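Below is one structure, written out as structure tokens; the observations come after it.
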Amino acid sequence: MTETLPLVVAITGASGAPYAVRLLQSLAAAQPTWLIVSDHGWRLLQTESGIEALAQLRAQVGSAAWDAHVRTFDDKDRGALPASGSVQTKGMVICPCSMGTVAAIAMGTSRSLVERAADVVLKERRRLVVVPRETPYSDIHLENMLRLTRAGAIVLPASPGFYHRPKSIEELVDFVVGRILDHVGVKNDMPRWSDSESA
Ligand SMILES: Cc1cc2nc3c(=O)[nH]c(=O)nc-3n(C[C@H](O)[C@H](O)[C@H](O)COP(=O)(O)O)c2cc1C
């Protein structure tokens, strides 16, 4: 029997809550997903997507898929399953990822479950995808992202392409989410460049 390992997903306090919701919709339909939301992650879900509580997030993701595949963890609980390297996971996506969380992971501080889970994924040489959203970047931001890249993480900025000629915000969101899914090995039909469009 092949068992599908859970993918850890964290939502932190950077702009881009719609990316997080769409990513969760795609993942919850496909595979076990362990979710951690920081305090400011909740603040951004509320500000940008009107999601005030877990029940609303579950409803937006889809309650059937959520109940089948999503398990939540408290960001303050640094003893929860994702905090241990002996617990096997497929890796972790942090979407969106604040510069504060980028810095904390780059320094290995592990002062929250999000930070500790990312630290574990790096030390266990598993896949870590961070989706930063900030503009412009300071020297400090860039150095921290370089540290993450050198430690094995994939820094995948929320920078949608326009070559698929998006007509809606949803299509821009899908472009970024598709790239994330590609990097964690989840098949998807999100927009991507195709040769036929250049003819
Ligand atoms: C409305 C709002 C938008 C924000 N947008 C960003 C952002 O795009 N990028 C970023 O790095 N921080 C942003 N921040 C600041 C972070 O939320 C803040 O640094 C927070 O401490 C990050 O904590 P966390 O990583 O534990 O969620 C924003 C804060 C608010 C309230």
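In the structure tokens, chains take the letters A, B, ... in the order shown, each chain's residues start at 1, and ligands count up from 1 in the order shown.
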
Can you tell me, as a JSON list (two decimals) with N, CA and C atoms, in the first residue's frame, what residues are no more than 12 Å from A:Glu171 when counting only C-alpha atoms, ignoring any on the same chain fewer than 2 positions away?
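Everything below was put into part21.json:
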[["chain", "number", "residue", "atom", "x", "y", "z"],
["A", 18, "PRO", "N", -5.88, 35.38, -0.95],
["A", 18, "PRO", "CA", -6.56, 34.58, -1.99],
["A", 18, "PRO", "C", -5.68, 33.45, -2.53],
["A", 19, "TYR", "N", -4.36, 33.65, -2.54],
["A", 19, "TYR", "CA", -3.47, 32.56, -2.97],
["A", 19, "TYR", "C", -3.61, 31.38, -2.00],
["A", 22, "ARG", "N", -6.98, 29.49, -2.43],
["A", 22, "ARG", "CA", -6.99, 28.70, -3.67],
["A", 22, "ARG", "C", -6.05, 27.49, -3.56],
["A", 160, "PRO", "N", 2.71, 36.72, -10.61],
["A", 160, "PRO", "CA", 2.04, 36.04, -11.73],
["A", 160, "PRO", "C", 2.56, 36.52, -13.08],
["A", 161, "GLY", "N", 2.61, 35.61, -14.04],
["A", 161, "GLY", "CA", 2.91, 35.98, -15.41],
["A", 161, "GLY", "C", 1.64, 36.52, -16.08],
["A", 162, "PHE", "N", 1.83, 37.13, -17.23],
["A", 162, "PHE", "CA", 0.69, 37.69, -17.97],
["A", 162, "PHE", "C", 0.56, 37.09, -19.36],
["A", 163, "TYR", "N", 1.45, 36.12, -19.69],
["A", 163, "TYR", "CA", 1.43, 35.59, -21.05],
["A", 163, "TYR", "C", 0.23, 34.70, -21.33],
["A", 164, "HIS", "N", -0.54, 34.32, -20.30],
["A", 164, "HIS", "CA", -1.78, 33.60, -20.56],
["A", 164, "HIS", "C", -2.97, 34.57, -20.67],
["A", 165, "ARG", "N", -2.63, 35.87, -20.72],
["A", 165, "ARG", "CA", -3.64, 36.93, -20.89],
["A", 165, "ARG", "C", -4.80, 36.81, -19.90],
["A", 166, "PRO", "N", -4.51, 36.93, -18.63],
["A", 166, "PRO", "CA", -5.55, 36.79, -17.61],
["A", 166, "PRO", "C", -6.63, 37.86, -17.73],
["A", 167, "LYS", "N", -7.88, 37.42, -17.52],
["A", 167, "LYS", "CA", -9.01, 38.36, -17.60],
["A", 167, "LYS", "C", -9.57, 38.65, -16.21],
["A", 168, "SER", "N", -9.07, 37.93, -15.22],
["A", 168, "SER", "CA", -9.64, 38.09, -13.88],
["A", 168, "SER", "C", -8.55, 37.91, -12.82],
["A", 169, "ILE", "N", -8.87, 38.37, -11.62],
["A", 169, "ILE", "CA", -7.94, 38.16, -10.49],
["A", 169, "ILE", "C", -7.76, 36.67, -10.27],
["A", 173, "VAL", "N", -4.32, 34.57, -9.70],
["A", 173, "VAL", "CA", -4.11, 33.73, -8.51],
["A", 173, "VAL", "C", -3.78, 32.30, -8.95],
["A", 174, "ASP", "N", -4.53, 31.79, -9.91],
["A", 174, "ASP", "CA", -4.31, 30.41, -10.38],
["A", 174, "ASP", "C", -2.92, 30.22, -10.95],
["A", 175, "PHE", "N", -2.41, 31.24, -11.61],
["A", 175, "PHE", "CA", -1.07, 31.12, -12.19],
["A", 175, "PHE", "C", -0.05, 30.84, -11.09],
["A", 176, "VAL", "N", -0.11, 31.61, -10.02],
["A", 176, "VAL", "CA", 0.86, 31.44, -8.92],
["A", 176, "VAL", "C", 0.63, 30.11, -8.22],
["A", 177, "VAL", "N", -0.63, 29.78, -7.97],
["A", 177, "VAL", "CA", -0.93, 28.52, -7.27],
["A", 177, "VAL", "C", -0.48, 27.32, -8.10],
["A", 178, "GLY", "N", -0.65, 27.41, -9.42],
["A", 178, "GLY", "CA", -0.19, 26.33, -10.30],
["A", 178, "GLY", "C", 1.30, 26.09, -10.16],
["A", 189, "ASP", "N", -4.27, 21.79, -13.47],
["A", 189, "ASP", "CA", -4.61, 22.35, -14.79],
["A", 189, "ASP", "C", -4.53, 23.87, -14.77],
["A", 190, "MET", "N", -3.72, 24.40, -13.88],
["A", 190, "MET", "CA", -3.62, 25.86, -13.79],
["A", 190, "MET", "C", -2.94, 26.40, -15.05],
["A", 191, "PRO", "N", -3.13, 27.71, -15.33],
["A", 191, "PRO", "CA", -2.56, 28.25, -16.57],
["A", 191, "PRO", "C", -1.05, 28.18, -16.60],
["A", 192, "ARG", "N", -0.51, 27.86, -17.75],
["A", 192, "ARG", "CA", 0.94, 27.85, -17.94],
["A", 192, "ARG", "C", 1.24, 28.22, -19.40]]

Return as a compact mmCIF listing (two decimals) with N, CA, C and O atoms, in the first residue's frame every polymer residue, whether protein, DNA or RNA, with at least one atom no more than 8 Å from an atom of ligand 1; count only C-alpha atoms and all ligand atoms.
# COMPACT_ATOMS: atom_id res chain seq x y z
N ILE A 11 0.07 29.65 6.53
CA ILE A 11 -0.39 30.96 6.03
C ILE A 11 0.14 32.00 7.02
O ILE A 11 -0.17 31.92 8.21
N THR A 12 0.95 32.93 6.54
CA THR A 12 1.46 33.97 7.43
C THR A 12 1.00 35.34 6.95
O THR A 12 0.27 35.45 5.95
N GLY A 13 1.43 36.38 7.67
CA GLY A 13 0.83 37.69 7.49
C GLY A 13 1.37 38.55 6.38
O GLY A 13 1.64 39.73 6.58
N ALA A 14 1.52 37.99 5.19
CA ALA A 14 1.85 38.80 4.02
C ALA A 14 0.60 38.93 3.16
O ALA A 14 -0.29 38.07 3.21
N SER A 15 0.53 39.98 2.37
CA SER A 15 -0.61 40.15 1.48
C SER A 15 -0.67 38.96 0.52
O SER A 15 0.36 38.46 0.07
N GLY A 16 -1.90 38.50 0.23
CA GLY A 16 -2.04 37.37 -0.69
C GLY A 16 -2.91 36.25 -0.14
O GLY A 16 -2.75 35.10 -0.55
N VAL A 37 -1.83 28.43 10.73
CA VAL A 37 -2.05 29.84 10.37
C VAL A 37 -1.51 30.70 11.50
O VAL A 37 -1.90 30.53 12.66
N SER A 38 -0.60 31.61 11.18
CA SER A 38 -0.08 32.52 12.21
C SER A 38 -1.15 33.54 12.59
O SER A 38 -2.14 33.71 11.86
N ASP A 39 -0.94 34.25 13.70
CA ASP A 39 -1.91 35.29 14.10
C ASP A 39 -2.12 36.30 12.98
O ASP A 39 -3.25 36.68 12.66
N HIS A 40 -1.02 36.76 12.38
CA HIS A 40 -1.17 37.73 11.29
C HIS A 40 -1.66 37.07 10.00
O HIS A 40 -2.22 37.75 9.14
N GLY A 41 -1.48 35.75 9.88
CA GLY A 41 -2.11 35.03 8.78
C GLY A 41 -3.62 35.16 8.87
O GLY A 41 -4.31 35.45 7.88
N ARG A 43 -5.18 37.53 10.41
CA ARG A 43 -5.51 38.94 10.16
C ARG A 43 -5.63 39.22 8.66
O ARG A 43 -6.54 39.92 8.21
N LEU A 44 -4.71 38.64 7.89
CA LEU A 44 -4.75 38.86 6.43
C LEU A 44 -5.92 38.12 5.79
O LEU A 44 -6.54 38.64 4.86
N THR A 47 -8.77 40.47 6.48
CA THR A 47 -8.69 41.74 5.74
C THR A 47 -8.92 41.54 4.24
O THR A 47 -9.63 42.32 3.60
N GLU A 48 -8.33 40.49 3.69
CA GLU A 48 -8.33 40.37 2.23
C GLU A 48 -9.40 39.42 1.67
O GLU A 48 -9.77 39.55 0.51
N CYS A 97 4.14 34.16 2.49
CA CYS A 97 5.18 34.14 3.52
C CYS A 97 5.66 35.56 3.79
O CYS A 97 6.17 36.22 2.88
N SER A 98 5.48 36.02 5.02
CA SER A 98 5.91 37.38 5.37
C SER A 98 7.44 37.45 5.43
O SER A 98 8.12 36.43 5.61
N MET A 99 7.94 38.66 5.33
CA MET A 99 9.39 38.85 5.47
C MET A 99 9.84 38.53 6.88
O MET A 99 10.98 38.12 7.09
N GLY A 100 8.93 38.70 7.84
CA GLY A 100 9.26 38.33 9.22
C GLY A 100 9.50 36.83 9.33
O GLY A 100 10.47 36.38 9.96
N THR A 101 8.63 36.04 8.71
CA THR A 101 8.80 34.59 8.76
C THR A 101 10.00 34.15 7.93
O THR A 101 10.75 33.26 8.34
N VAL A 102 10.22 34.79 6.78
CA VAL A 102 11.44 34.50 5.99
C VAL A 102 12.68 34.69 6.87
O VAL A 102 13.57 33.84 6.93
N SER A 112 7.90 29.69 16.69
CA SER A 112 6.48 29.38 16.50
C SER A 112 6.44 28.04 15.78
O SER A 112 7.48 27.54 15.33
N VAL A 114 5.08 27.44 12.89
CA VAL A 114 5.43 27.67 11.48
C VAL A 114 6.95 27.67 11.31
O VAL A 114 7.49 26.98 10.44
N PRO A 132 7.00 34.47 -0.90
CA PRO A 132 7.06 35.80 -0.29
C PRO A 132 6.23 36.81 -1.07
O PRO A 132 5.99 36.65 -2.27
N ARG A 133 5.81 37.85 -0.36
CA ARG A 133 5.09 38.96 -1.01
C ARG A 133 5.53 40.23 -0.30
O ARG A 133 5.13 40.51 0.81
N GLU A 134 6.36 40.96 -0.97
CA GLU A 134 6.80 42.26 -0.48
C GLU A 134 7.31 43.04 -1.68
O GLU A 134 7.77 42.43 -2.67
N THR A 135 7.22 44.35 -1.63
CA THR A 135 7.82 45.13 -2.71
C THR A 135 8.04 46.55 -2.23
O THR A 135 7.15 47.10 -1.58

Selection: 9 Å around A:Ala29, only C-alpha atoms, excl. self and same-chain fewer than 4 positions, as a CSV table (one decimal) with N, CA and C atoms, in the first residue's frame:
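And here's part.csv as it stands now:
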chain,number,residue,atom,x,y,z
A,24,LEU,N,-5.3,25.9,-0.8
A,24,LEU,CA,-5.9,24.9,0.1
A,24,LEU,C,-7.0,24.2,-0.7
A,25,GLN,N,-7.8,24.9,-1.5
A,25,GLN,CA,-8.8,24.2,-2.3
A,25,GLN,C,-8.2,23.1,-3.2
A,62,GLY,N,-14.1,24.1,0.9
A,62,GLY,CA,-15.0,23.0,0.6
A,62,GLY,C,-15.0,22.1,1.7
A,64,ALA,N,-16.4,19.1,2.4
A,64,ALA,CA,-16.2,17.7,2.2
A,64,ALA,C,-14.7,17.4,2.1
A,65,ALA,N,-14.0,18.2,1.2
A,65,ALA,CA,-12.6,17.9,1.0
A,65,ALA,C,-11.8,18.3,2.3
A,66,TRP,N,-12.2,19.3,2.9
A,66,TRP,CA,-11.6,19.7,4.2
A,66,TRP,C,-11.7,18.6,5.2
A,68,ALA,N,-12.1,15.5,4.8
A,68,ALA,CA,-11.4,14.3,4.3
A,68,ALA,C,-9.9,14.5,4.5
A,69,HIS,N,-9.4,15.7,4.3
A,69,HIS,CA,-7.9,15.8,4.1
A,69,HIS,C,-7.2,16.9,5.0

(request) From the DSSP assignment of the backbone, select every residue of stretch 14-172 of chain A that is strand (DSSP E or B), and format the answer as an NGL selection string. (result) :A and (33-37 or 70-73 or 91-97 or 127-132 or 154-155)

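What separates atom CA of A:Arg71 from atom CA of A:Thr33 is a distance of 6.3 Å.
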
(message) List the spatial neighbours of A:Pro6 as a list in words - criterion: any atom at most 9 Å away, only C-alpha atoms, same-chain residues fewer than 3 positions off excluded.
(response)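 Counting only C-alpha atoms, the residues come to Gln31, Pro32, Thr33, Trp34, His69, Gln88, Thr89, Lys90 and Gly91 of chain A.
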
(message) Show me, as a PyMOL selection string, the residues that have an atom within 7 Å of stretch 150-154 of chain A when counting only C-alpha atoms, minus same-chain residues fewer than 2 positions from it.
(response) chain A and resi 122+127-130+146-148+156

Can I get the selected residues back with all heavy atoms, as a PDB file, in the first residue's frame?
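Written file, again_11.pdb:
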ATOM      1  N   LEU A 122      13.741  21.790   6.427  1.00  0.00           N
ATOM      2  CA  LEU A 122      15.082  22.049   5.872  1.00  0.00           C
ATOM      3  C   LEU A 122      16.106  21.051   6.404  1.00  0.00           C
ATOM      4  O   LEU A 122      16.900  20.503   5.649  1.00  0.00           O
ATOM      5  CB  LEU A 122      15.527  23.483   6.196  1.00  0.00           C
ATOM      6  CG  LEU A 122      14.803  24.598   5.435  1.00  0.00           C
ATOM      7  CD1 LEU A 122      15.337  25.959   5.881  1.00  0.00           C
ATOM      8  CD2 LEU A 122      14.960  24.440   3.926  1.00  0.00           C
ATOM      9  N   ARG A 127      11.165  19.120   0.864  1.00  0.00           N
ATOM     10  CA  ARG A 127      10.829  20.262   0.022  1.00  0.00           C
ATOM     11  C   ARG A 127      10.191  21.392   0.848  1.00  0.00           C
ATOM     12  O   ARG A 127       9.196  21.176   1.532  1.00  0.00           O
ATOM     13  CB  ARG A 127       9.853  19.770  -1.066  1.00  0.00           C
ATOM     14  CG  ARG A 127       9.321  20.812  -2.037  1.00  0.00           C
ATOM     15  CD  ARG A 127      10.398  21.510  -2.817  1.00  0.00           C
ATOM     16  NE  ARG A 127      11.321  20.626  -3.489  1.00  0.00           N
ATOM     17  CZ  ARG A 127      11.259  20.293  -4.778  1.00  0.00           C
ATOM     18  NH1 ARG A 127      10.285  20.734  -5.530  1.00  0.00           N
ATOM     19  NH2 ARG A 127      12.186  19.526  -5.315  1.00  0.00           N
ATOM     20  N   LEU A 128      10.797  22.587   0.788  1.00  0.00           N
ATOM     21  CA  LEU A 128      10.198  23.775   1.402  1.00  0.00           C
ATOM     22  C   LEU A 128       9.989  24.824   0.313  1.00  0.00           C
ATOM     23  O   LEU A 128      10.952  25.245  -0.344  1.00  0.00           O
ATOM     24  CB  LEU A 128      11.103  24.358   2.500  1.00  0.00           C
ATOM     25  CG  LEU A 128      10.626  25.694   3.104  1.00  0.00           C
ATOM     26  CD1 LEU A 128       9.280  25.539   3.827  1.00  0.00           C
ATOM     27  CD2 LEU A 128      11.666  26.274   4.067  1.00  0.00           C
ATOM     28  N   VAL A 129       8.745  25.225   0.120  1.00  0.00           N
ATOM     29  CA  VAL A 129       8.423  26.283  -0.846  1.00  0.00           C
ATOM     30  C   VAL A 129       7.927  27.493  -0.073  1.00  0.00           C
ATOM     31  O   VAL A 129       6.951  27.386   0.678  1.00  0.00           O
ATOM     32  CB  VAL A 129       7.341  25.818  -1.854  1.00  0.00           C
ATOM     33  CG1 VAL A 129       7.002  26.946  -2.831  1.00  0.00           C
ATOM     34  CG2 VAL A 129       7.798  24.571  -2.607  1.00  0.00           C
ATOM     35  N   VAL A 130       8.617  28.609  -0.208  1.00  0.00           N
ATOM     36  CA  VAL A 130       8.144  29.836   0.441  1.00  0.00           C
ATOM     37  C   VAL A 130       7.677  30.808  -0.638  1.00  0.00           C
ATOM     38  O   VAL A 130       8.328  30.966  -1.665  1.00  0.00           O
ATOM     39  CB  VAL A 130       9.213  30.493   1.348  1.00  0.00           C
ATOM     40  CG1 VAL A 130       9.588  29.592   2.498  1.00  0.00           C
ATOM     41  CG2 VAL A 130      10.445  30.892   0.587  1.00  0.00           C
ATOM     42  N   LEU A 146      18.159  34.567   0.016  1.00  0.00           N
ATOM     43  CA  LEU A 146      19.315  33.825  -0.502  1.00  0.00           C
ATOM     44  C   LEU A 146      19.727  32.730   0.484  1.00  0.00           C
ATOM     45  O   LEU A 146      20.042  31.603   0.079  1.00  0.00           O
ATOM     46  CB  LEU A 146      20.483  34.789  -0.761  1.00  0.00           C
ATOM     47  CG  LEU A 146      21.736  34.163  -1.375  1.00  0.00           C
ATOM     48  CD1 LEU A 146      21.431  33.491  -2.715  1.00  0.00           C
ATOM     49  CD2 LEU A 146      22.825  35.224  -1.552  1.00  0.00           C
ATOM     50  N   ARG A 147      19.678  33.051   1.773  1.00  0.00           N
ATOM     51  CA  ARG A 147      20.006  32.026   2.790  1.00  0.00           C
ATOM     52  C   ARG A 147      19.050  30.842   2.678  1.00  0.00           C
ATOM     53  O   ARG A 147      19.457  29.689   2.753  1.00  0.00           O
ATOM     54  CB  ARG A 147      19.914  32.613   4.205  1.00  0.00           C
ATOM     55  CG  ARG A 147      21.107  33.469   4.601  1.00  0.00           C
ATOM     56  CD  ARG A 147      20.890  34.077   5.976  1.00  0.00           C
ATOM     57  NE  ARG A 147      20.980  33.063   7.034  1.00  0.00           N
ATOM     58  CZ  ARG A 147      22.095  32.783   7.704  1.00  0.00           C
ATOM     59  NH1 ARG A 147      23.211  33.424   7.433  1.00  0.00           N
ATOM     60  NH2 ARG A 147      22.086  31.877   8.660  1.00  0.00           N
ATOM     61  N   LEU A 148      17.776  31.147   2.483  1.00  0.00           N
ATOM     62  CA  LEU A 148      16.790  30.055   2.357  1.00  0.00           C
ATOM     63  C   LEU A 148      17.065  29.223   1.112  1.00  0.00           C
ATOM     64  O   LEU A 148      17.033  27.987   1.146  1.00  0.00           O
ATOM     65  CB  LEU A 148      15.365  30.613   2.302  1.00  0.00           C
ATOM     66  CG  LEU A 148      14.822  31.260   3.563  1.00  0.00           C
ATOM     67  CD1 LEU A 148      13.325  31.509   3.430  1.00  0.00           C
ATOM     68  CD2 LEU A 148      15.069  30.381   4.781  1.00  0.00           C
ATOM     69  N   LEU A 156       9.548  31.114  -4.191  1.00  0.00           N
ATOM     70  CA  LEU A 156       8.630  31.212  -5.336  1.00  0.00           C
ATOM     71  C   LEU A 156       7.744  32.436  -5.115  1.00  0.00           C
ATOM     72  O   LEU A 156       6.692  32.336  -4.497  1.00  0.00           O
ATOM     73  CB  LEU A 156       7.813  29.920  -5.406  1.00  0.00           C
ATOM     74  CG  LEU A 156       7.004  29.593  -6.646  1.00  0.00           C
ATOM     75  CD1 LEU A 156       6.713  28.100  -6.713  1.00  0.00           C
ATOM     76  CD2 LEU A 156       5.721  30.374  -6.742  1.00  0.00           C
TER      77      LEU A 156
END

(message) Ranking A:Val9, A:Val70, A:Val87, A:Met92 by minimum distance to A:Ala28 and counting only C-alpha atoms, which one comes first?
(response) A:Val70

(request) Give the helix (DSSP H, G or I) residues of stretch 132-192 of chain A, as DSSP finds them on the backbone, and put them as a PyMOL selection string. (result) chain A and resi 139-150+169-183

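Among the candidates A:Ser194, A:Thr109, A:Thr72, A:Asn188, the one nearest to A:Ala30 when counting only C-alpha atoms is A:Asn188.
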
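You can rank A:Val61, A:Ile94, A:Ala83, A:Ile51 by their closest distance to A:Glu124 using only C-alpha atoms, and at the top of that list sits A:Ala83.
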
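Minimum atom-to-atom distances from A:Arg111, A:Ala59, A:Val155, A:Phe73 to A:Leu142 were compared using only C-alpha atoms, and the lowest value belongs to A:Val155.
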
(request) Between atom CA of A:Met145 and atom CA of A:Val21, measure the distance and give it in Å to one decimal. (result)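 If I compute the distance from atom CA of A:Met145 to atom CA of A:Val21, I get 23.8 Å.
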
(message) Given only C-alpha atoms as the basis, pick out the residue of A:Leu45, A:Val120, A:Leu23, A:Ile140 nearest to A:Arg179.
(response)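 Using only C-alpha atoms, the shortest distance to A:Arg179 belongs to A:Leu23.
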